[in-house]
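Asker: As input, take coords.csv (CSV, C-alpha atoms):
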```csv
chain,number,residue,atom,x,y,z
A,11,MET,CA,26.0,18.5,-9.1
A,12,SER,CA,29.5,20.0,-9.3
A,13,GLN,CA,30.7,17.8,-6.4
A,14,GLN,CA,29.3,14.8,-8.1
A,15,ALA,CA,31.0,15.6,-11.4
A,16,THR,CA,34.4,16.1,-9.8
A,17,ILE,CA,34.2,12.9,-7.9
A,18,ALA,CA,33.0,11.1,-11.0
A,19,VAL,CA,36.1,12.4,-12.8
A,20,GLU,CA,38.5,11.2,-10.1
A,21,ASP,CA,37.1,7.8,-9.6
A,22,THR,CA,37.9,5.0,-12.0
A,23,ALA,CA,36.5,1.9,-10.2
A,24,ILE,CA,33.5,0.3,-11.8
A,25,GLN,CA,31.2,1.0,-8.9
A,26,ASN,CA,32.4,4.5,-8.1
A,27,THR,CA,28.8,5.8,-8.4
A,28,ASN,CA,27.5,3.3,-5.8
A,29,ALA,CA,30.3,4.1,-3.4
A,30,GLU,CA,29.7,7.8,-3.7
A,31,VAL,CA,26.0,7.3,-3.1
A,32,THR,CA,26.5,5.3,0.0
A,33,THR,CA,29.0,7.7,1.5
A,34,ARG,CA,26.8,10.6,0.8
A,35,VAL,CA,23.8,8.9,2.4
A,36,GLU,CA,25.9,8.1,5.4
A,37,VAL,CA,26.9,11.7,5.7
A,38,LYS,CA,23.3,12.8,5.5
A,39,THR,CA,21.9,10.3,7.9
A,40,SER,CA,24.7,10.8,10.5
A,41,GLY,CA,23.1,14.0,11.5
A,42,HIS,CA,20.0,12.2,12.5
A,43,GLY,CA,22.0,9.5,14.2
A,44,ILE,CA,23.8,12.0,16.5
A,45,ALA,CA,20.6,13.9,17.3
A,46,LYS,CA,18.6,10.8,18.1
A,47,GLU,CA,21.3,8.9,20.0
A,48,GLY,CA,20.0,10.0,23.4
A,49,LYS,CA,16.5,9.0,22.6
A,50,ASN,CA,17.6,5.7,21.1
A,51,ALA,CA,18.4,4.3,24.4
A,52,GLU,CA,15.0,5.1,25.7
A,53,HIS,CA,12.8,4.0,22.8
A,54,GLY,CA,13.3,0.6,21.3
A,55,ALA,CA,16.1,0.4,18.7
A,56,GLU,CA,13.8,-1.7,16.5
A,57,LYS,CA,11.5,1.0,15.3
A,58,GLU,CA,14.4,3.5,14.9
A,59,SER,CA,16.4,1.2,12.7
A,60,LEU,CA,13.4,0.6,10.5
A,61,GLY,CA,12.8,4.3,10.1
A,62,SER,CA,16.4,5.2,9.4
A,63,GLU,CA,16.6,2.3,6.9
A,64,LEU,CA,13.6,3.6,5.1
A,65,THR,CA,15.0,7.1,5.0
A,66,ALA,CA,18.4,6.0,3.8
A,67,LYS,CA,16.9,3.8,1.2
A,68,MET,CA,14.6,6.5,-0.1
A,69,GLN,CA,17.4,9.0,-0.3
A,70,LYS,CA,19.6,6.6,-2.2
A,71,ILE,CA,16.9,5.8,-4.7
A,72,THR,CA,16.0,9.4,-5.2
A,73,TYR,CA,19.6,10.5,-5.6
A,74,GLU,CA,20.2,7.8,-8.1
A,75,SER,CA,17.1,8.6,-10.1
A,76,ILE,CA,17.2,12.4,-10.1
A,77,LYS,CA,20.9,13.0,-10.9
A,78,VAL,CA,21.2,14.3,-14.4
A,79,GLU,CA,24.2,13.1,-16.3
A,80,VAL,CA,25.9,15.5,-18.6
A,81,PRO,CA,27.4,13.6,-21.5
A,82,GLY,CA,30.5,15.8,-21.6
A,83,PHE,CA,31.5,14.8,-18.1
A,84,ASP,CA,30.5,11.3,-18.5
A,85,ILE,CA,32.8,10.5,-21.4
A,86,LEU,CA,35.7,10.9,-19.0
A,87,ASN,CA,34.3,7.9,-17.1
A,88,TYR,CA,34.4,5.5,-20.0
A,89,HIS,CA,37.6,3.6,-20.3
A,90,ILE,CA,38.2,1.5,-23.3
A,91,LYS,CA,39.8,-1.4,-21.5
A,92,PRO,CA,37.5,-4.4,-21.6
A,93,PHE,CA,34.6,-3.9,-19.3
A,94,THR,CA,35.9,-1.1,-17.2
A,95,VAL,CA,33.2,1.1,-18.7
A,96,ASN,CA,31.5,2.8,-15.8
A,97,PHE,CA,28.1,1.1,-16.1
A,98,ASN,CA,25.3,3.1,-14.9
A,99,GLU,CA,22.5,0.8,-13.7
A,100,SER,CA,20.0,2.0,-16.2
A,101,ILE,CA,22.4,1.8,-19.1
A,102,PHE,CA,23.2,-1.7,-18.3
A,103,THR,CA,19.6,-2.7,-18.0
A,104,MET,CA,18.8,-1.0,-21.3
A,105,TRP,CA,21.5,-2.9,-23.0
A,106,VAL,CA,20.3,-6.2,-21.7
A,107,LEU,CA,16.7,-5.4,-22.7
A,108,THR,CA,17.8,-4.2,-26.1
A,109,ALA,CA,19.7,-7.4,-26.7
A,110,ILE,CA,16.7,-9.5,-25.6
A,111,ILE,CA,14.3,-7.6,-27.8
A,112,ILE,CA,16.6,-7.7,-30.9
A,113,ILE,CA,17.4,-11.4,-30.5
A,114,GLY,CA,13.7,-12.1,-29.9
A,115,ALA,CA,12.7,-10.2,-33.0
A,116,ILE,CA,15.2,-12.0,-35.1
A,117,VAL,CA,14.3,-15.5,-33.8
A,118,ILE,CA,10.5,-14.9,-34.1
A,119,THR,CA,10.6,-13.4,-37.6
A,120,ARG,CA,13.2,-15.8,-39.1
A,121,LYS,CA,11.0,-18.6,-40.3
A,122,PHE,CA,7.7,-17.3,-41.5
A,123,GLU,CA,5.3,-19.7,-43.2
A,124,LYS,CA,2.2,-19.5,-45.2
A,125,PHE,CA,0.1,-21.1,-42.5
A,126,PRO,CA,1.2,-19.4,-39.3
A,127,GLY,CA,1.9,-21.2,-36.1
A,128,LYS,CA,1.4,-19.8,-32.6
A,129,VAL,CA,4.5,-17.6,-32.5
A,130,GLN,CA,3.9,-16.2,-36.0
A,131,ASN,CA,0.3,-15.5,-35.1
A,132,PHE,CA,1.3,-13.6,-32.1
A,133,ALA,CA,3.9,-11.5,-34.0
A,134,GLU,CA,1.4,-10.7,-36.7
A,135,MET,CA,-1.3,-9.8,-34.2
A,136,LEU,CA,1.2,-7.4,-32.5
A,137,VAL,CA,2.2,-5.7,-35.7
A,138,GLU,CA,-1.3,-5.4,-37.0
A,139,GLY,CA,-2.5,-4.0,-33.7
A,140,ILE,CA,0.1,-1.3,-33.7
A,141,ASN,CA,-0.5,-0.5,-37.3
A,142,SER,CA,-4.3,-0.2,-36.8
A,143,LEU,CA,-3.8,1.9,-33.7
A,144,THR,CA,-1.5,4.2,-35.5
A,145,LYS,CA,-3.9,4.4,-38.5
A,146,THR,CA,-6.8,5.4,-36.3
A,147,MET,CA,-4.8,7.9,-34.3
A,148,VAL,CA,-2.5,9.6,-36.9
A,149,GLY,CA,-4.6,9.4,-40.0
A,150,HIS,CA,-3.5,9.5,-43.6
A,151,HIS,CA,0.2,9.6,-43.1
A,152,TRP,CA,0.4,6.7,-40.6
A,153,LYS,CA,2.8,4.5,-42.5
A,154,PRO,CA,6.2,6.1,-41.6
A,155,PHE,CA,5.3,6.5,-38.0
A,156,ALA,CA,4.1,3.0,-37.2
A,157,PRO,CA,7.5,1.4,-36.7
A,158,TYR,CA,8.6,4.1,-34.3
A,159,PHE,CA,5.6,3.8,-32.2
A,160,GLY,CA,5.8,0.0,-32.2
A,161,THR,CA,9.5,0.2,-31.1
A,162,ILE,CA,9.0,2.6,-28.2
A,163,MET,CA,5.9,0.7,-27.1
A,164,ILE,CA,7.6,-2.6,-26.9
A,165,PHE,CA,10.8,-1.1,-25.5
A,166,LEU,CA,8.9,0.7,-22.7
A,167,ALA,CA,6.8,-2.3,-22.0
A,168,PHE,CA,10.0,-4.3,-21.3
A,169,CYS,CA,11.6,-1.4,-19.4
A,170,ASN,CA,8.7,-0.8,-17.1
A,171,THR,CA,8.0,-4.4,-16.1
A,172,ILE,CA,11.6,-5.6,-15.7
A,173,GLY,CA,11.5,-4.6,-12.1
A,174,MET,CA,9.2,-7.5,-11.2
A,175,LEU,CA,11.9,-10.0,-11.7
A,176,GLY,CA,13.9,-8.5,-8.9
A,177,ILE,CA,17.3,-9.6,-10.2
A,178,PRO,CA,19.9,-8.4,-7.7
A,179,GLU,CA,23.5,-7.3,-8.4
A,180,PHE,CA,25.8,-10.1,-9.5
A,181,HIS,CA,29.5,-10.8,-10.1
A,182,ILE,CA,30.9,-12.3,-13.2
A,183,GLY,CA,34.7,-12.8,-13.3
A,184,GLY,CA,35.4,-10.0,-10.8
A,185,PHE,CA,33.2,-7.5,-12.5
A,186,LEU,CA,30.2,-6.2,-10.5
A,187,PHE,CA,27.1,-5.9,-12.7
A,188,PRO,CA,24.2,-3.9,-11.4
A,189,GLY,CA,20.8,-5.5,-10.8
A,190,LEU,CA,18.0,-5.2,-13.3
A,191,ARG,CA,15.7,-2.4,-12.2
A,192,PRO,CA,13.4,-0.4,-14.5
A,193,PRO,CA,15.7,2.0,-16.4
A,194,THR,CA,12.8,4.4,-16.8
A,195,LYS,CA,13.1,5.3,-13.1
A,196,ASP,CA,16.3,7.1,-14.2
A,197,ILE,CA,15.1,10.5,-15.4
A,198,ASN,CA,17.5,10.5,-18.3
A,199,LEU,CA,15.8,7.8,-20.3
A,200,PRO,CA,12.3,9.3,-20.3
A,201,ALA,CA,13.9,12.7,-21.1
A,202,ALA,CA,15.6,11.2,-24.1
A,203,LEU,CA,12.4,9.5,-25.3
A,204,ALA,CA,10.4,12.7,-24.9
A,205,LEU,CA,13.0,14.6,-26.8
A,206,MET,CA,12.9,12.1,-29.6
A,207,THR,CA,9.1,12.4,-29.8
A,208,ILE,CA,9.1,16.2,-29.9
A,209,LEU,CA,11.8,16.2,-32.6
A,210,LEU,CA,9.6,13.8,-34.6
A,211,VAL,CA,6.7,16.1,-34.1
A,212,ILE,CA,8.6,19.2,-35.3
A,213,GLY,CA,10.1,17.3,-38.2
A,214,SER,CA,6.9,15.8,-39.4
A,215,GLN,CA,5.2,19.2,-39.1
A,216,LEU,CA,7.8,20.7,-41.3
A,217,LYS,CA,7.6,17.9,-43.8
A,218,TYR,CA,3.9,17.6,-44.2
A,219,LYS,CA,2.9,21.2,-43.7
A,220,GLY,CA,6.0,23.0,-44.9
A,221,ILE,CA,7.6,26.0,-43.2
A,222,GLY,CA,4.8,28.4,-44.3
A,223,GLY,CA,2.1,26.0,-43.1
A,224,THR,CA,3.8,25.5,-39.7
A,225,ILE,CA,4.1,29.3,-39.1
A,226,LYS,CA,0.6,29.7,-40.2
A,227,SER,CA,-0.6,27.1,-37.8
A,228,TRP,CA,0.8,29.1,-34.9
A,229,PHE,CA,-1.6,31.9,-35.6
A,230,GLU,CA,-4.7,29.7,-35.8
A,231,PRO,CA,-7.5,30.2,-34.7
A,232,ILE,CA,-6.5,33.6,-33.5
A,233,PRO,CA,-3.1,35.3,-33.5
A,234,ILE,CA,-3.0,35.7,-29.7
A,235,MET,CA,-2.4,32.0,-29.5
A,236,LEU,CA,1.2,32.4,-30.7
A,237,PRO,CA,3.0,32.3,-27.3
A,238,PHE,CA,0.9,29.3,-26.2
A,239,LYS,CA,1.6,27.4,-29.4
A,240,LEU,CA,5.3,28.0,-29.0
A,241,MET,CA,5.2,27.1,-25.3
A,242,GLU,CA,3.7,23.7,-26.3
A,243,TYR,CA,7.0,22.7,-27.8
A,244,ILE,CA,8.5,22.8,-24.4
A,245,ILE,CA,5.5,21.7,-22.3
A,246,LYS,CA,4.7,18.6,-24.3
A,247,PRO,CA,8.0,16.8,-23.9
A,248,LEU,CA,8.3,18.0,-20.3
A,249,SER,CA,5.0,16.5,-19.3
A,250,LEU,CA,5.6,13.3,-21.3
A,251,CYS,CA,9.0,12.9,-19.6
A,252,LEU,CA,7.7,13.6,-16.1
A,253,ARG,CA,4.6,11.5,-16.4
A,254,LEU,CA,6.6,8.4,-17.4
A,255,PHE,CA,9.4,9.0,-14.9
A,256,GLY,CA,7.1,9.9,-12.0
A,257,ASN,CA,4.9,6.9,-12.5
A,258,VAL,CA,7.7,4.4,-12.7
A,259,PHE,CA,9.7,6.0,-10.0
A,260,GLY,CA,6.7,6.2,-7.7
A,261,ALA,CA,5.9,2.6,-8.3
A,262,PHE,CA,9.5,1.6,-7.7
A,263,VAL,CA,9.6,3.6,-4.4
A,264,MET,CA,6.3,2.1,-3.3
A,265,MET,CA,7.6,-1.4,-4.0
A,266,GLU,CA,10.8,-0.8,-2.1
A,267,LEU,CA,8.9,0.6,0.9
A,268,ILE,CA,6.4,-2.4,0.9
A,269,THR,CA,9.4,-4.8,0.7
A,270,ILE,CA,11.1,-3.2,3.7
A,271,VAL,CA,8.0,-2.8,5.8
A,272,SER,CA,6.6,-6.2,5.2
A,273,ARG,CA,10.0,-7.8,5.8
A,274,ARG,CA,9.8,-9.5,2.4
A,275,LEU,CA,6.8,-11.6,3.5
A,276,LEU,CA,3.8,-12.2,1.3
A,277,LEU,CA,2.9,-8.6,0.3
A,278,PRO,CA,5.4,-7.7,-2.4
A,279,PRO,CA,4.2,-10.1,-5.1
A,280,ILE,CA,0.6,-9.0,-4.6
A,281,PHE,CA,1.4,-5.3,-5.0
A,282,SER,CA,3.8,-6.1,-7.8
A,283,LEU,CA,0.8,-7.1,-9.9
A,284,TYR,CA,-0.5,-3.6,-9.8
A,285,PHE,CA,2.7,-1.5,-9.5
A,286,ASP,CA,4.9,-3.3,-11.9
A,287,ILE,CA,2.7,-5.1,-14.4
A,288,PHE,CA,-0.5,-3.0,-14.7
A,289,ASP,CA,1.1,0.4,-14.2
A,290,GLY,CA,4.1,-0.3,-16.3
A,291,LEU,CA,2.2,-1.6,-19.3
A,292,LEU,CA,-0.4,1.3,-18.9
A,293,GLN,CA,2.4,3.9,-18.9
A,294,ALA,CA,4.1,2.3,-22.0
A,295,PHE,CA,0.7,2.5,-23.8
A,296,ILE,CA,0.0,6.1,-22.6
A,297,PHE,CA,3.4,7.4,-23.7
A,298,THR,CA,2.9,6.0,-27.2
A,299,PHE,CA,-0.7,7.1,-27.3
A,300,LEU,CA,0.2,10.7,-26.4
A,301,SER,CA,3.0,10.7,-28.9
A,302,MET,CA,0.6,9.7,-31.6
A,303,LEU,CA,-1.9,12.4,-30.5
A,304,TYR,CA,0.8,15.1,-30.6
A,305,ILE,CA,1.9,14.0,-34.1
A,306,GLU,CA,-1.7,13.9,-35.3
A,307,GLU,CA,-2.2,17.4,-34.0
A,308,ALA,CA,0.9,18.5,-35.7
A,309,ILE,CA,0.3,17.1,-39.2
A,310,GLU,CA,-3.4,17.2,-39.7
B,6,MET,CA,14.9,18.7,14.4
B,7,GLU,CA,12.3,21.4,13.9
B,8,ALA,CA,13.4,21.8,10.3
B,9,ASN,CA,12.8,18.1,9.8
B,10,GLY,CA,9.3,18.3,11.2
B,11,LEU,CA,8.5,21.2,8.9
B,12,MET,CA,9.9,19.3,6.0
B,13,GLY,CA,7.6,16.4,6.8
B,14,ILE,CA,4.6,18.8,6.9
B,15,ALA,CA,5.7,20.3,3.6
B,16,ALA,CA,6.0,16.9,1.9
B,17,GLY,CA,2.6,16.1,3.2
B,18,ILE,CA,1.1,19.3,1.8
B,19,ALA,CA,2.7,18.6,-1.5
B,20,ALA,CA,1.2,15.1,-1.6
B,21,LEU,CA,-2.3,16.7,-1.2
B,22,THR,CA,-2.3,17.0,-5.0
B,23,GLY,CA,-3.5,13.4,-5.0
B,24,MET,CA,-6.9,14.7,-3.9
B,25,GLY,CA,-7.5,16.6,-7.1
B,26,ALA,CA,-6.4,13.7,-9.2
B,27,GLY,CA,-8.6,11.4,-7.2
B,28,ILE,CA,-11.7,13.6,-7.8
B,29,GLY,CA,-10.8,14.0,-11.5
B,30,ILE,CA,-10.4,10.3,-12.1
B,31,GLY,CA,-13.5,9.5,-10.2
B,32,ILE,CA,-15.6,11.9,-12.3
B,33,ALA,CA,-14.0,10.5,-15.5
B,34,THR,CA,-14.7,6.9,-14.5
B,35,GLY,CA,-18.3,7.7,-13.6
B,36,LYS,CA,-18.9,9.4,-16.9
B,37,ALA,CA,-17.2,6.6,-18.8
B,38,ALA,CA,-19.4,4.0,-17.2
B,39,GLU,CA,-22.5,6.2,-18.0
B,40,ALA,CA,-21.4,6.5,-21.6
B,41,VAL,CA,-20.8,2.8,-22.0
B,42,SER,CA,-24.2,1.9,-20.5
B,43,ARG,CA,-25.9,4.4,-22.8
B,44,GLN,CA,-24.1,3.4,-25.9
B,45,PRO,CA,-22.4,0.0,-25.5
B,46,GLU,CA,-21.3,-0.2,-29.2
B,47,ALA,CA,-19.0,2.9,-28.7
B,48,ASP,CA,-17.0,1.0,-26.1
B,49,GLY,CA,-13.6,1.2,-27.9
B,50,LYS,CA,-13.7,4.9,-28.5
B,51,ILE,CA,-14.9,5.6,-24.9
B,52,THR,CA,-12.1,3.5,-23.5
B,53,LYS,CA,-9.5,5.3,-25.5
B,54,ASN,CA,-10.7,8.7,-24.4
B,55,PHE,CA,-11.0,7.5,-20.8
B,56,VAL,CA,-7.5,6.2,-20.6
B,57,LEU,CA,-6.2,9.5,-22.1
B,58,GLY,CA,-8.2,11.5,-19.6
B,59,ILE,CA,-7.0,9.6,-16.6
B,60,ALA,CA,-3.4,9.8,-17.8
B,61,LEU,CA,-3.7,13.6,-17.9
B,62,ALA,CA,-5.5,13.8,-14.6
B,63,GLU,CA,-3.1,11.5,-12.9
B,64,ALA,CA,-0.1,13.7,-13.9
B,65,THR,CA,-0.9,16.2,-11.2
B,66,ALA,CA,-0.7,13.6,-8.5
B,67,ILE,CA,2.6,12.4,-10.0
B,68,TYR,CA,4.0,15.9,-9.9
B,69,GLY,CA,2.9,16.2,-6.2
B,70,LEU,CA,4.6,12.9,-5.5
B,71,ILE,CA,7.9,14.0,-7.1
B,72,VAL,CA,7.9,17.3,-5.2
B,73,ALA,CA,7.1,15.5,-1.9
B,74,ILE,CA,10.0,13.1,-2.4
B,75,LEU,CA,12.3,15.9,-3.4
B,76,ILE,CA,11.4,17.8,-0.3
B,77,PHE,CA,11.7,14.8,1.9
B,78,THR,CA,15.1,13.8,0.7
B,79,LYS,CA,16.4,17.4,0.8
B,80,LEU,CA,17.4,17.5,-2.9
```
Output the file's structure as structure tokens, nothing else.
Answerer:
Amino acid sequence: MSQQATIAVEDTAIQNTNAEVTTRVEVKTSGHGIAKEGKNAEHGAEKESLGSELTAKMQKITYESIKVEVPGFDILNYHIKPFTVNFNESIFTMWVLTAIIIIGAIVITRKFEKFPGKVQNFAEMLVEGINSLTKTMVGHHWKPFAPYFGTIMIFLAFCNTIGMLGIPEFHIGGFLFPGLRPPTKDINLPAALALMTILLVIGSQLKYKGIGGTIKSWFEPIPIMLPFKLMEYIIKPLSLCLRLFGNVFGAFVMMELITIVSRRLLLPPIFSLYFDIFDGLLQAFIFTFLSMLYIEEAIE
Amino acid sequence: MEANGLMGIAAGIAALTGMGAGIGIGIATGKAAEAVSRQPEADGKITKNFVLGIALAEATAIYGLIVAILIFTKL
């Protein structure tokens, strides 16, 4: 952590993080290499290279996903010169997705008519579906919460499924842009979303129940529940965050392994149907669903 | 080398959490199918509870996976 922070401060190149990761992986795997060098001559080099490739890839993926970025350190990385901002892969993907969603929303909702066409029908169906789901889950005070849930559901649905396009890194005008991979496989995004949800839970509890009601609810049904009720404020966001992160990250690792093992033949698109599309949409739904449940629990 | 082998075993043991999740999801699916066949009109509510249940049951398997990967990659 500290080593990473110091290096991040020193480096200014746009892909310093990537360079750091590769050097670190090399350092790690070199131990294996020396130890196995004798055996390498005897066994076939083919199997060994596949194994070390797998290990190196998994270490790289895990390292990229688990590292927690402290905002205080990160600000040092941001240079105001045009586009020397140290793009993190997930930040870049999030920006692209946000732009797509915003432009899409503006284009779709610009020309609404009395007799809806296909696009307008779809948009109305989406909004009504989210509204009715929020109404059944949250209850009386559903109205202020529906836009939030709609936003995170659509955003997460885009985030989790972007990996299936498999867009690699690309250069534009000398700048290296990272490829589009699911940003939710970086633990920082699910953590931020879970924090938003728990803040909303606490805020709505204070608003609809009042301070007295909130404190009173901690002692229901029996006063001994107090420590558990307080612990819930930590456990709820933690489990929300880890569930989303773990699912997307696990699916991503599985897809990478399948891609390497099958040598990019035939298998990846089939498994992508489950791991990217089905699992991604399900996790987006479940995150929203659980957020609704927590809010309903807090305000009813 | 021995440490690597032990790490592999440890990661494997951590991934055993999948067993519990599998049993849990199996029971939940069976009960959901029973409930739907008994009361087909309550399909929507059953599905909602079912999805919530498997999400909670699946979480343990996910924690196991994360721990296994953390062990395996020495982080």
Asker: Report as an NGL selection string the set of chain A residues whose atoms approach chain B to within 10 Å, with distances computed over all atoms listed in the file.
Answerer: :A and (38 or 41-42 or 45-46 or 65-66 or 68-73 or 76-77 or 249-250 or 252-260 or 263 or 292-293 or 295-297 or 299-300 or 303)
Asker: Tell me, in Å to one decimal, how far CA of Ile14 (chain B) is from CA of Ala73 (chain B).
Answerer: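 Calculated distance between CA of Ile14 (chain B) and CA of Ala73 (chain B) is 9.7 Å.
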Asker: Applying 9 Å and only C-alpha atoms, which residues near Asp289 (chain A) remain after dropping the ones on its own chain fewer than 5 positions away? List them as a PDB file with C-alpha atoms, in the coordinates of the input.
Answerer:
```pdb
ATOM      1  CA  ASN A 170       8.700  -0.800 -17.100  1.00  0.00           C
ATOM      2  CA  THR A 171       8.000  -4.400 -16.100  1.00  0.00           C
ATOM      3  CA  ASN A 257       4.900   6.900 -12.500  1.00  0.00           C
ATOM      4  CA  VAL A 258       7.700   4.400 -12.700  1.00  0.00           C
ATOM      5  CA  ALA A 261       5.900   2.600  -8.300  1.00  0.00           C
ATOM      6  CA  LEU A 283       0.800  -7.100  -9.900  1.00  0.00           C
ATOM      7  CA  TYR A 284      -0.500  -3.600  -9.800  1.00  0.00           C
ATOM      8  CA  ALA A 294       4.100   2.300 -22.000  1.00  0.00           C
TER       9      ALA A 294
END
```
Asker: Rank B:Ile76, B:Ala38, B:Arg43, B:Thr52 by their smallest atom-to-atom distance to Gly10 (chain B), using all atoms listed in the file, and report the top residue only.
Answerer: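 Once distances to Gly10 (chain B) are computed over all atoms listed in the file, the minimum belongs to B:Ile76.
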Asker: Just give me the gap between CA of Ile197 (chain A) and CA of Phe288 (chain A) in Å, one decimal is fine.
Answerer: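 Between CA of Ile197 (chain A) and CA of Phe288 (chain A) the gap is 20.6 Å.
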Asker: Dig up all the protein and nucleic acid residues within 12 Å of (-17.1, 8.4, -20.4) in the file frame, using only C-alpha atoms, and format them as a ChimeraX atom specification.
Answerer: /B:30-45,47-59
Asker: How many Å separate CA of Leu209 (chain A) from CA of Ala308 (chain A)?
Answerer: 11.6 Å
Asker: Using only C-alpha atoms, which of the listed residues (A:Phe122, A:Tyr304, A:Phe229, A:Phe168) sits closest to Tyr243 (chain A)?
Answerer: A:Tyr304
Asker: Can you save region 12-23 of chain B of the given block to a file, including N, CA and C atoms and formatted as a PDB file, in the first residue's frame?
Answerer:
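Ended up saving to result02.pdb:
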```pdb
ATOM      1  N   MET B  12      -0.386 -23.125   0.096  1.00  0.00           N
ATOM      2  CA  MET B  12      -1.280 -22.039  -0.297  1.00  0.00           C
ATOM      3  C   MET B  12      -2.378 -22.542  -1.224  1.00  0.00           C
ATOM      4  N   GLY B  13      -1.988 -23.439  -2.121  1.00  0.00           N
ATOM      5  CA  GLY B  13      -2.993 -24.015  -3.007  1.00  0.00           C
ATOM      6  C   GLY B  13      -4.057 -24.749  -2.222  1.00  0.00           C
ATOM      7  N   ILE B  14      -3.599 -25.542  -1.221  1.00  0.00           N
ATOM      8  CA  ILE B  14      -4.570 -26.277  -0.397  1.00  0.00           C
ATOM      9  C   ILE B  14      -5.468 -25.309   0.355  1.00  0.00           C
ATOM     10  N   ALA B  15      -4.862 -24.242   0.885  1.00  0.00           N
ATOM     11  CA  ALA B  15      -5.653 -23.263   1.629  1.00  0.00           C
ATOM     12  C   ALA B  15      -6.702 -22.619   0.748  1.00  0.00           C
ATOM     13  N   ALA B  16      -6.304 -22.270  -0.473  1.00  0.00           N
ATOM     14  CA  ALA B  16      -7.270 -21.661  -1.393  1.00  0.00           C
ATOM     15  C   ALA B  16      -8.389 -22.636  -1.695  1.00  0.00           C
ATOM     16  N   GLY B  17      -8.022 -23.912  -1.850  1.00  0.00           N
ATOM     17  CA  GLY B  17      -9.045 -24.918  -2.114  1.00  0.00           C
ATOM     18  C   GLY B  17     -10.021 -25.037  -0.964  1.00  0.00           C
ATOM     19  N   ILE B  18      -9.484 -25.023   0.276  1.00  0.00           N
ATOM     20  CA  ILE B  18     -10.378 -25.123   1.433  1.00  0.00           C
ATOM     21  C   ILE B  18     -11.296 -23.913   1.502  1.00  0.00           C
ATOM     22  N   ALA B  19     -10.739 -22.732   1.200  1.00  0.00           N
ATOM     23  CA  ALA B  19     -11.570 -21.528   1.244  1.00  0.00           C
ATOM     24  C   ALA B  19     -12.700 -21.617   0.230  1.00  0.00           C
ATOM     25  N   ALA B  20     -12.416 -22.234  -0.902  1.00  0.00           N
ATOM     26  CA  ALA B  20     -13.445 -22.319  -1.946  1.00  0.00           C
ATOM     27  C   ALA B  20     -14.516 -23.337  -1.606  1.00  0.00           C
ATOM     28  N   LEU B  21     -14.320 -24.110  -0.499  1.00  0.00           N
ATOM     29  CA  LEU B  21     -15.350 -25.081  -0.105  1.00  0.00           C
ATOM     30  C   LEU B  21     -16.645 -24.400   0.329  1.00  0.00           C
ATOM     31  N   THR B  22     -16.607 -23.079   0.576  1.00  0.00           N
ATOM     32  CA  THR B  22     -17.839 -22.380   0.938  1.00  0.00           C
ATOM     33  C   THR B  22     -18.902 -22.548  -0.139  1.00  0.00           C
ATOM     34  N   GLY B  23     -18.463 -22.826  -1.348  1.00  0.00           N
ATOM     35  CA  GLY B  23     -19.411 -23.023  -2.438  1.00  0.00           C
ATOM     36  C   GLY B  23     -20.399 -24.142  -2.146  1.00  0.00           C
TER      37      GLY B  23
END
```
